[in-house]
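K.L.:
After the structure tokens below, expect a handful of questions from me.
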Amino acid sequence: MDFTFDEDALLFQETVRDFLGNECTPEHVRARWDVGAAHDPALWNRLAELGIPGLLVPEAHGGLGLDERTSVLLFEEFGRAALPEPVIATVAAGAPALREIGGALADEWLPKLAAGEAIVAVGHEASPFVSDADVADLLLLPVDDAIHAVRPADCELVFEPSNDPSRRLFSVGFDPGATPRAAVAEGARAVAGDLLVRGSLAAAAELLGATDRMIELSAEYTGQRHQFGKPIGSFQAVKHQLADCKVKLEYARPVVHRAAHSVATAHPDRALHVSMAKVAAGDAATFTARRALQVHGAIGYTWEQDLHLWMRRAWSLEQAYGKSARHRQNVESWILAEDARLGPGATFRAA
Amino acid sequence: MDLRYTAEQDAFRAEARAWLEANVPKEPLPSFDTKEGFEAHRAFEKELHAGGWAMVPWPVAYGGRGANLLEWLIFEEEYYRAGAPGRVNQNGIFLLGPTIMEFGTDEQKARFLPKMAASEEVWAQGWSEPNAGSDMANIQATAVRVRDGDGDHYVINGQKTWASRGAYAHWLFGMFRTDPESERHRGLSFILVPLDAPGITVRPIEKLNGKAAFAEVFFDDARVPAEHLLGCEGKGWNVAMATAGFERGLMLRSPARFQRTAARLVELYRRNEAECAPGLRERVADCWMRAEAYTLETYRTVSRLLAGGKIGAEASLNKIFWSELDMEMHELALEILGVRGELLPRAPSATGVEDWLDGYIFALSGPIYAGTNEIQRNVIAERLLGMPR
């Protein structure tokens, strides 16, 4: 039993944090928004130099062959930087789905994905929309009992503008009868289920990073802004709001980290653990977005102030890969089942 | 990161479970805030001690088992799973004990720890005074060092209040002003006081449930041997901060307690689901998730400590989280019980109310003691977030 991360994972996290601190600044995010895009091929290439797209791709297919016990830390950094790239779909969900589907499809696409030459977008049952479908080279779309691997050119994509310009949603029309099925029946259900679980986990990790950044921005701002002759951050009414955010963040973090361990080790209860993580991180982030805005006052309510880059991430990631309400229902059904194992000593037991 | 127990840890759990199954009283003991219950709990503590389970993470020399903190967590899980009695000497074993290990002399360790581990001596806390609550640096009780024919002593005058377990405890630890010229947190000393010393009057205070859980303690020229000073004279604040960290942090509030309450809450909901308003289901799940989050965070902290880390101001996060969770779980249980929620267990119609009402009354004290949650929020803002004082 050891809840600490490997040195290598922590070092990788630090590297990515420094990299994104320089490359994915608020100016960068705004510049993407200004041209009506999120994904930036130049930045994606730089991320590929760090091995990011192929984090979870086996080494045999040109990836780093790591697991979620490393990627969870990096996704936190993506959230901290409000990185507007299709990392959840391609890196966290798409690559492992291709790996599980295997065969010719994996042989063809995983090396390209790991090299940063292909972007994969994914569909799942928690949403009718597919994010970043317009920049994808391959779409993995579950329909009924099959997963279809489709080229965007063979689909009709309808842009569905969202509240977060970094989240580019599309309705995807295609003819399942005319496209090849990458996986069917049991296999497809397993892949589709895991795809949603992995996407939720990555979204939860990004939510942690976004929350941390909003708290940091708010503590900084309230330390500078003076009213009544003092920094407003010296008033308890302001302090206590941010302290509450910090409590929520620090008690969401281990839940997300445990979920990462469960996914990495194929724990039988991983879907439950990820649902718990998504609820905890989603609640922490949306709660913090509200409080961060409140302590910023009117300046936080402007387009010009950067706070909303992360507020929008909080709102949209709470939606992504299943809203909190959906995940909370998973937890409710699990704990109320006749044979649920609850209580002291049950936390790390397999079902 | 590897979140699986080792074979040794599983064996440790099995051993603890077997002992507890054989030795935990089948019927709950009377409350330790009654004289009868206090002695019944001490008697159980003696058995626990004889079995080698009283102080799992303490060195064997002081009456402990010499196990590590992870094994302690496992033991706590089994302890709460078995529904074993509350720890009557918690002020001693969880708060003062670790403080003595950090600041005490070898003589003090040998004198106090073994008797504490066996609950031969039960401890009360002596922090608050009528004018020093959240503002603990305003302590006014004095301890004047006197060397005369009777030896080297502190002569103590003043009043302490809200001394937890004060009604029946044998000893009290607390802070006293040893430098009469000093102000605020300077000039305070941490002193261990036998409550049977001449000049000490203990007046029990009934708490919200009518039981004598704490006490006022009056000192009129009470003489305490100078060797009972813990740490350096005038540096009591540092010692007290360590004790407060233990109280807010890891030891006193092991996650198993809240997991047990959460599991009982789920069970209560399941039994009463048909009569419950729709929104309660979601809140039950939320409470259960928070109890799990608390557990996971504790395992994370223990892993960090075993790897050489330390606990600092994060203990304040902990204190807010468990105290508010505990309160919400009990509030929710009373809501699930509906009209029966206000009935005392002895009421003829109080079927299935268990001890939720009593637990609720107890949980209400959580956000107040060990430093109010408002004080904890200040600590978080200033020390963890770097906000201005």
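Identifiers in the structure tokens: chain A, B, ... in order shown; residue index from 1 per chain; ligand index from 1 in order shown.
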Report as CSV the residues of chain A within 8 Å of chain B, each with its shortest atom pair and distance in Å (one decimal), using only C-alpha atoms, ordered by chain and increasing residue number.
P.N.:
residue,atom,partner,partner_atom,distance
A:Met1,CA,B:Leu3,CA,4.7
A:Asp2,CA,B:Asp2,CA,5.1
A:Phe3,CA,B:Arg300,CA,5.0
A:Thr4,CA,B:Met1,CA,5.3
A:Phe5,CA,B:Met1,CA,5.3
A:Asp6,CA,B:Met1,CA,6.7
A:Arg69,CA,B:Met1,CA,7.3
A:Glu216,CA,B:Leu385,CA,7.4
A:Ala219,CA,B:Met387,CA,6.0
A:Glu220,CA,B:Met387,CA,7.7
A:Thr222,CA,B:Met387,CA,7.7
A:Gly223,CA,B:Met387,CA,6.1
A:Pro231,CA,B:Pro388,CA,7.3
A:Gly233,CA,B:Met387,CA,5.8
A:Ser234,CA,B:Pro388,CA,4.9
A:Gln236,CA,B:Asn378,CA,7.1
A:Lys239,CA,B:Ala381,CA,5.5
A:His240,CA,B:Arg377,CA,5.4
A:Leu242,CA,B:Ala381,CA,6.9
A:Ala243,CA,B:Arg377,CA,5.4
A:Asp244,CA,B:Arg377,CA,7.5
A:Lys246,CA,B:Leu317,CA,7.8
A:Val247,CA,B:Leu317,CA,5.5
A:Glu250,CA,B:Leu317,CA,7.9
A:Tyr251,CA,B:Ala293,CA,5.9
A:Ala252,CA,B:Ala293,CA,6.9
A:Pro254,CA,B:Glu297,CA,5.5
A:Val255,CA,B:Ala293,CA,5.8
A:Arg258,CA,B:Leu296,CA,7.6
A:His261,CA,B:Leu3,CA,7.4
A:Met276,CA,B:Met289,CA,6.7
A:Arg328,CA,B:Ala285,CA,7.2
A:Gln329,CA,B:Glu282,CA,7.7
A:Val331,CA,B:Ala285,CA,6.6
A:Glu332,CA,B:Ala285,CA,5.4
A:Ile335,CA,B:Val266,CA,7.3
A:Leu336,CA,B:Arg270,CA,6.8
A:Leu342,CA,B:Ala263,CA,5.6
A:Gly343,CA,B:Arg260,CA,5.0
A:Pro344,CA,B:Glu77,CA,4.7
A:Gly345,CA,B:Glu77,CA,5.4
A:Thr347,CA,B:Glu292,CA,7.0
A:Phe348,CA,B:Arg4,CA,6.8
K.L.:
Just the selected residues (N, CA and C atoms), exported as a compact mmCIF listing (two decimals), in the first residue's frame, please.
P.N.:
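Writing done, so here's again_37.txt:
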# COMPACT_ATOMS: atom_id res chain seq x y z
N MET A 1 0.86 -1.20 0.00
CA MET A 1 0.00 0.00 0.00
C MET A 1 0.89 1.24 0.00
N ASP A 2 0.84 1.96 -1.07
CA ASP A 2 1.66 3.18 -1.15
C ASP A 2 0.96 4.19 -2.05
N PHE A 3 0.56 5.31 -1.46
CA PHE A 3 -0.24 6.30 -2.18
C PHE A 3 0.64 7.42 -2.74
N THR A 4 1.94 7.20 -2.82
CA THR A 4 2.79 8.27 -3.37
C THR A 4 3.09 7.98 -4.85
N PHE A 5 3.30 9.02 -5.60
CA PHE A 5 3.62 8.86 -7.01
C PHE A 5 5.12 8.58 -7.20
N ASP A 6 5.44 7.90 -8.30
CA ASP A 6 6.85 7.66 -8.62
C ASP A 6 7.54 8.99 -8.93
N ARG A 69 -1.31 6.28 -13.87
CA ARG A 69 -0.62 6.77 -12.67
C ARG A 69 0.38 7.86 -13.02
N GLU A 216 -5.51 29.98 -7.02
CA GLU A 216 -4.26 30.74 -7.06
C GLU A 216 -4.49 32.16 -7.57
N ALA A 219 -6.38 34.16 -4.85
CA ALA A 219 -5.56 34.54 -3.69
C ALA A 219 -4.63 35.69 -4.10
N GLU A 220 -4.12 35.61 -5.30
CA GLU A 220 -3.21 36.64 -5.80
C GLU A 220 -3.95 37.98 -5.97
N THR A 222 -6.82 39.01 -4.64
CA THR A 222 -7.34 39.60 -3.41
C THR A 222 -6.22 40.09 -2.49
N GLY A 223 -4.99 39.66 -2.78
CA GLY A 223 -3.86 40.20 -2.04
C GLY A 223 -3.43 41.56 -2.57
N PRO A 231 -5.71 45.20 1.77
CA PRO A 231 -6.02 44.21 0.73
C PRO A 231 -7.31 43.46 1.10
N GLY A 233 -8.12 40.59 0.56
CA GLY A 233 -7.80 39.23 1.00
C GLY A 233 -7.54 39.14 2.49
N SER A 234 -7.45 40.28 3.19
CA SER A 234 -7.27 40.22 4.64
C SER A 234 -8.61 40.11 5.37
N GLN A 236 -11.99 38.30 6.50
CA GLN A 236 -12.39 36.89 6.66
C GLN A 236 -13.48 36.48 5.68
N LYS A 239 -11.45 35.48 2.77
CA LYS A 239 -10.58 34.33 3.07
C LYS A 239 -11.36 33.03 3.15
N HIS A 240 -12.47 33.09 3.85
CA HIS A 240 -13.18 31.84 4.11
C HIS A 240 -13.76 31.23 2.85
N LEU A 242 -12.35 31.27 -0.10
CA LEU A 242 -11.27 30.56 -0.80
C LEU A 242 -10.79 29.35 0.00
N ALA A 243 -10.86 29.46 1.34
CA ALA A 243 -10.49 28.30 2.16
C ALA A 243 -11.43 27.13 1.85
N ASP A 244 -12.70 27.42 1.67
CA ASP A 244 -13.66 26.36 1.34
C ASP A 244 -13.32 25.71 -0.01
N LYS A 246 -10.33 25.45 -1.25
CA LYS A 246 -9.13 24.64 -1.03
C LYS A 246 -9.48 23.30 -0.38
N VAL A 247 -10.42 23.32 0.57
CA VAL A 247 -10.85 22.07 1.20
C VAL A 247 -11.42 21.13 0.13
N GLU A 250 -8.59 19.73 -2.15
CA GLU A 250 -7.66 18.75 -1.56
C GLU A 250 -8.34 17.43 -1.22
N TYR A 251 -9.66 17.44 -1.08
CA TYR A 251 -10.36 16.17 -0.85
C TYR A 251 -10.90 15.57 -2.15
N ALA A 252 -10.78 16.29 -3.25
CA ALA A 252 -11.10 15.69 -4.55
C ALA A 252 -9.85 15.00 -5.11
N PRO A 254 -7.22 13.14 -3.89
CA PRO A 254 -6.93 11.71 -3.69
C PRO A 254 -7.98 10.80 -4.33
N VAL A 255 -9.20 11.30 -4.48
CA VAL A 255 -10.25 10.48 -5.11
C VAL A 255 -9.90 10.29 -6.60
N ARG A 258 -6.82 7.92 -6.81
CA ARG A 258 -7.18 6.51 -6.63
C ARG A 258 -7.86 5.98 -7.89
N HIS A 261 -5.36 5.00 -10.37
CA HIS A 261 -4.76 3.71 -10.03
C HIS A 261 -5.70 2.57 -10.44
N MET A 276 -16.87 8.59 -8.81
CA MET A 276 -16.61 9.35 -7.57
C MET A 276 -15.64 10.50 -7.85
N ARG A 328 -23.11 10.70 -10.17
CA ARG A 328 -23.61 10.51 -8.81
C ARG A 328 -24.64 9.36 -8.80
N GLN A 329 -25.43 9.28 -9.87
CA GLN A 329 -26.40 8.17 -9.96
C GLN A 329 -25.70 6.81 -9.99
N VAL A 331 -22.99 6.11 -8.50
CA VAL A 331 -22.59 5.85 -7.12
C VAL A 331 -23.79 5.41 -6.29
N GLU A 332 -24.91 6.12 -6.47
CA GLU A 332 -26.12 5.76 -5.71
C GLU A 332 -26.50 4.30 -5.96
N ILE A 335 -23.93 1.92 -4.17
CA ILE A 335 -23.95 1.78 -2.70
C ILE A 335 -25.27 1.20 -2.20
N LEU A 336 -26.34 1.35 -3.00
CA LEU A 336 -27.63 0.84 -2.54
C LEU A 336 -27.90 -0.59 -3.00
N LEU A 342 -19.61 -1.94 2.08
CA LEU A 342 -19.35 -0.59 2.56
C LEU A 342 -18.67 -0.66 3.93
N GLY A 343 -18.24 0.48 4.40
CA GLY A 343 -17.74 0.56 5.78
C GLY A 343 -16.24 0.46 5.88
N PRO A 344 -15.74 0.53 7.12
CA PRO A 344 -14.29 0.52 7.34
C PRO A 344 -13.65 -0.73 6.75
N GLY A 345 -12.55 -0.53 6.04
CA GLY A 345 -11.82 -1.67 5.48
C GLY A 345 -12.25 -2.04 4.07
N THR A 347 -12.60 0.11 1.43
CA THR A 347 -12.19 1.07 0.39
C THR A 347 -11.35 0.46 -0.72
N PHE A 348 -10.39 -0.37 -0.38
CA PHE A 348 -9.46 -0.86 -1.40
C PHE A 348 -9.72 -2.32 -1.78
K.L.:
Residues at most 12 Å from Gly282 (chain A), counting only C-alpha atoms, excluding those fewer than 2 positions away in the same chain, as a ChimeraX atom specification?
P.N.:
/A:200-211,248-249,252-253,255-256,274-280,284-289,311,313-328
K.L.:
Which one is closest to Ser218 (chain A): A:Arg167, A:His267, A:Arg151, A:Arg291? Count only C-alpha atoms.
P.N.:
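The shortest atom-to-atom distance to Ser218 (chain A) comes from A:Arg291.
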K.L.:
Skip Leu113 (chain A) itself and residues of its chain fewer than 4 positions away, then list as a PyMOL selection string all residues within 8 Å of it, counting only C-alpha atoms.
P.N.:
chain A and resi 53-54+90+95+109+117-120
K.L.:
As an MDAnalysis selection string, please: all residues of region 181-257 of chain B that backbone DSSP puts in helix (DSSP H, G or I).
P.N.:
chainID B and resid 226:228 236:248 255:257
K.L.:
Please write the residues from the selection above to a file, keeping N, CA and C atoms, as a PDB file, in the first residue's frame.
P.N.:
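File again_24.pdb, as written:
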ATOM      1  N   ALA B 226       8.281  21.169  39.208  1.00  0.00           N
ATOM      2  CA  ALA B 226       8.806  21.810  37.999  1.00  0.00           C
ATOM      3  C   ALA B 226       9.162  20.796  36.921  1.00  0.00           C
ATOM      4  N   GLU B 227       9.406  19.546  37.335  1.00  0.00           N
ATOM      5  CA  GLU B 227       9.769  18.530  36.331  1.00  0.00           C
ATOM      6  C   GLU B 227       8.593  18.192  35.413  1.00  0.00           C
ATOM      7  N   HIS B 228       7.396  18.701  35.731  1.00  0.00           N
ATOM      8  CA  HIS B 228       6.242  18.448  34.862  1.00  0.00           C
ATOM      9  C   HIS B 228       6.098  19.490  33.750  1.00  0.00           C
ATOM     10  N   GLY B 236       5.887  27.315  25.452  1.00  0.00           N
ATOM     11  CA  GLY B 236       4.722  26.423  25.454  1.00  0.00           C
ATOM     12  C   GLY B 236       3.896  26.514  24.186  1.00  0.00           C
ATOM     13  N   TRP B 237       3.912  27.685  23.547  1.00  0.00           N
ATOM     14  CA  TRP B 237       3.103  27.872  22.336  1.00  0.00           C
ATOM     15  C   TRP B 237       3.498  26.860  21.263  1.00  0.00           C
ATOM     16  N   ASN B 238       4.805  26.683  21.079  1.00  0.00           N
ATOM     17  CA  ASN B 238       5.272  25.739  20.051  1.00  0.00           C
ATOM     18  C   ASN B 238       4.812  24.320  20.358  1.00  0.00           C
ATOM     19  N   VAL B 239       4.888  23.974  21.654  1.00  0.00           N
ATOM     20  CA  VAL B 239       4.475  22.631  22.054  1.00  0.00           C
ATOM     21  C   VAL B 239       2.973  22.477  21.791  1.00  0.00           C
ATOM     22  N   ALA B 240       2.208  23.501  22.171  1.00  0.00           N
ATOM     23  CA  ALA B 240       0.752  23.441  22.020  1.00  0.00           C
ATOM     24  C   ALA B 240       0.346  23.356  20.554  1.00  0.00           C
ATOM     25  N   MET B 241       1.083  24.029  19.687  1.00  0.00           N
ATOM     26  CA  MET B 241       0.755  23.983  18.264  1.00  0.00           C
ATOM     27  C   MET B 241       0.927  22.561  17.721  1.00  0.00           C
ATOM     28  N   ALA B 242       1.926  21.868  18.228  1.00  0.00           N
ATOM     29  CA  ALA B 242       2.116  20.473  17.810  1.00  0.00           C
ATOM     30  C   ALA B 242       0.933  19.632  18.271  1.00  0.00           C
ATOM     31  N   THR B 243       0.524  19.842  19.529  1.00  0.00           N
ATOM     32  CA  THR B 243      -0.621  19.088  20.052  1.00  0.00           C
ATOM     33  C   THR B 243      -1.872  19.390  19.235  1.00  0.00           C
ATOM     34  N   ALA B 244      -2.079  20.673  18.931  1.00  0.00           N
ATOM     35  CA  ALA B 244      -3.262  21.061  18.163  1.00  0.00           C
ATOM     36  C   ALA B 244      -3.230  20.419  16.783  1.00  0.00           C
ATOM     37  N   GLY B 245      -2.023  20.297  16.223  1.00  0.00           N
ATOM     38  CA  GLY B 245      -1.888  19.644  14.917  1.00  0.00           C
ATOM     39  C   GLY B 245      -2.311  18.185  14.996  1.00  0.00           C
ATOM     40  N   PHE B 246      -1.929  17.516  16.103  1.00  0.00           N
ATOM     41  CA  PHE B 246      -2.347  16.122  16.261  1.00  0.00           C
ATOM     42  C   PHE B 246      -3.860  16.035  16.384  1.00  0.00           C
ATOM     43  N   GLU B 247      -4.440  17.044  17.065  1.00  0.00           N
ATOM     44  CA  GLU B 247      -5.876  17.010  17.303  1.00  0.00           C
ATOM     45  C   GLU B 247      -6.651  17.232  16.009  1.00  0.00           C
ATOM     46  N   ARG B 248      -6.191  18.205  15.227  1.00  0.00           N
ATOM     47  CA  ARG B 248      -6.902  18.505  13.987  1.00  0.00           C
ATOM     48  C   ARG B 248      -6.616  17.459  12.933  1.00  0.00           C
ATOM     49  N   PRO B 255     -10.247   7.734   9.720  1.00  0.00           N
ATOM     50  CA  PRO B 255     -11.355   7.706   8.759  1.00  0.00           C
ATOM     51  C   PRO B 255     -12.370   6.606   9.036  1.00  0.00           C
ATOM     52  N   ALA B 256     -11.935   5.546   9.696  1.00  0.00           N
ATOM     53  CA  ALA B 256     -12.844   4.422   9.908  1.00  0.00           C
ATOM     54  C   ALA B 256     -14.116   4.864  10.625  1.00  0.00           C
ATOM     55  N   ARG B 257     -13.965   5.823  11.545  1.00  0.00           N
ATOM     56  CA  ARG B 257     -15.130   6.288  12.281  1.00  0.00           C
ATOM     57  C   ARG B 257     -16.190   6.841  11.328  1.00  0.00           C
TER      58      ARG B 257
END
K.L.:
Please, what distance in Å, to one decimal, runs between CA of Val193 (chain B) and CA of Trp171 (chain B)?
P.N.:
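It comes out at 5.7 Å.
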K.L.:
For CA of Asp135 (chain B) and CA of Ala197 (chain B), quote the distance in Å rounded to one decimal.
P.N.:
28.0 Å
K.L.:
So how far away is CA of Gly166 (chain B) from CA of Gly63 (chain B), in Å?
P.N.:
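Separation between CA of Gly63 (chain B) and CA of Gly166 (chain B): 23.9 Å.
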K.L.:
Looking at B:Glu335, B:Glu107, B:Glu71, B:Glu39, which one is nearest to Arg87 (chain B), with distances taken over only C-alpha atoms?
P.N.:
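So, comparing all the options, the nearest one is B:Glu39.
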K.L.:
Might you pull out every residue within 10 Å of Glu342 (chain B), with only C-alpha atoms counted and same-chain residues fewer than 5 positions away left off, and present them as a PyMOL selection string?
P.N.:
chain B and resi 334-335+337+347+350+353+356-357
K.L.:
Store the residues of this selection in a file with C-alpha atoms, as a compact mmCIF listing (two decimals), in the first residue's frame.
P.N.:
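Saved to again.txt:
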# COMPACT_ATOMS: atom_id res chain seq x y z
CA LEU B 334 -32.47 12.53 11.46
CA GLU B 335 -34.17 13.65 8.26
CA LEU B 337 -35.99 9.12 10.44
CA ALA B 347 -39.61 6.61 23.76
CA ALA B 350 -38.63 5.07 18.82
CA VAL B 353 -33.79 5.42 15.78
CA TRP B 356 -28.45 9.04 15.71
CA LEU B 357 -29.83 11.81 17.92
K.L.:
Nearest residue to Ala178 (chain A) out of A:Gly36, A:Ala149, A:Thr70, A:His257, using only C-alpha atoms?
P.N.:
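Comparing A:Gly36, A:Ala149, A:Thr70, A:His257 against Ala178 (chain A), the winner is A:Ala149.
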K.L.:
Within region 73-214 of chain B, find each residue whose DSSP state, derived from the backbone, is strand (DSSP E), and express the selection as number ranges by chain.
P.N.:
B: 123-126, 142-148, 151-164, 171-177, 188-194, 200-205, 214
K.L.:
Considering only C-alpha atoms, state which residue in the set B:Ala118, B:Leu229, B:Ala22, B:Ala61 is at the smallest distance from Ile93 (chain B).
P.N.:
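Among the listed residues, B:Ala118 lies closest to Ile93 (chain B).
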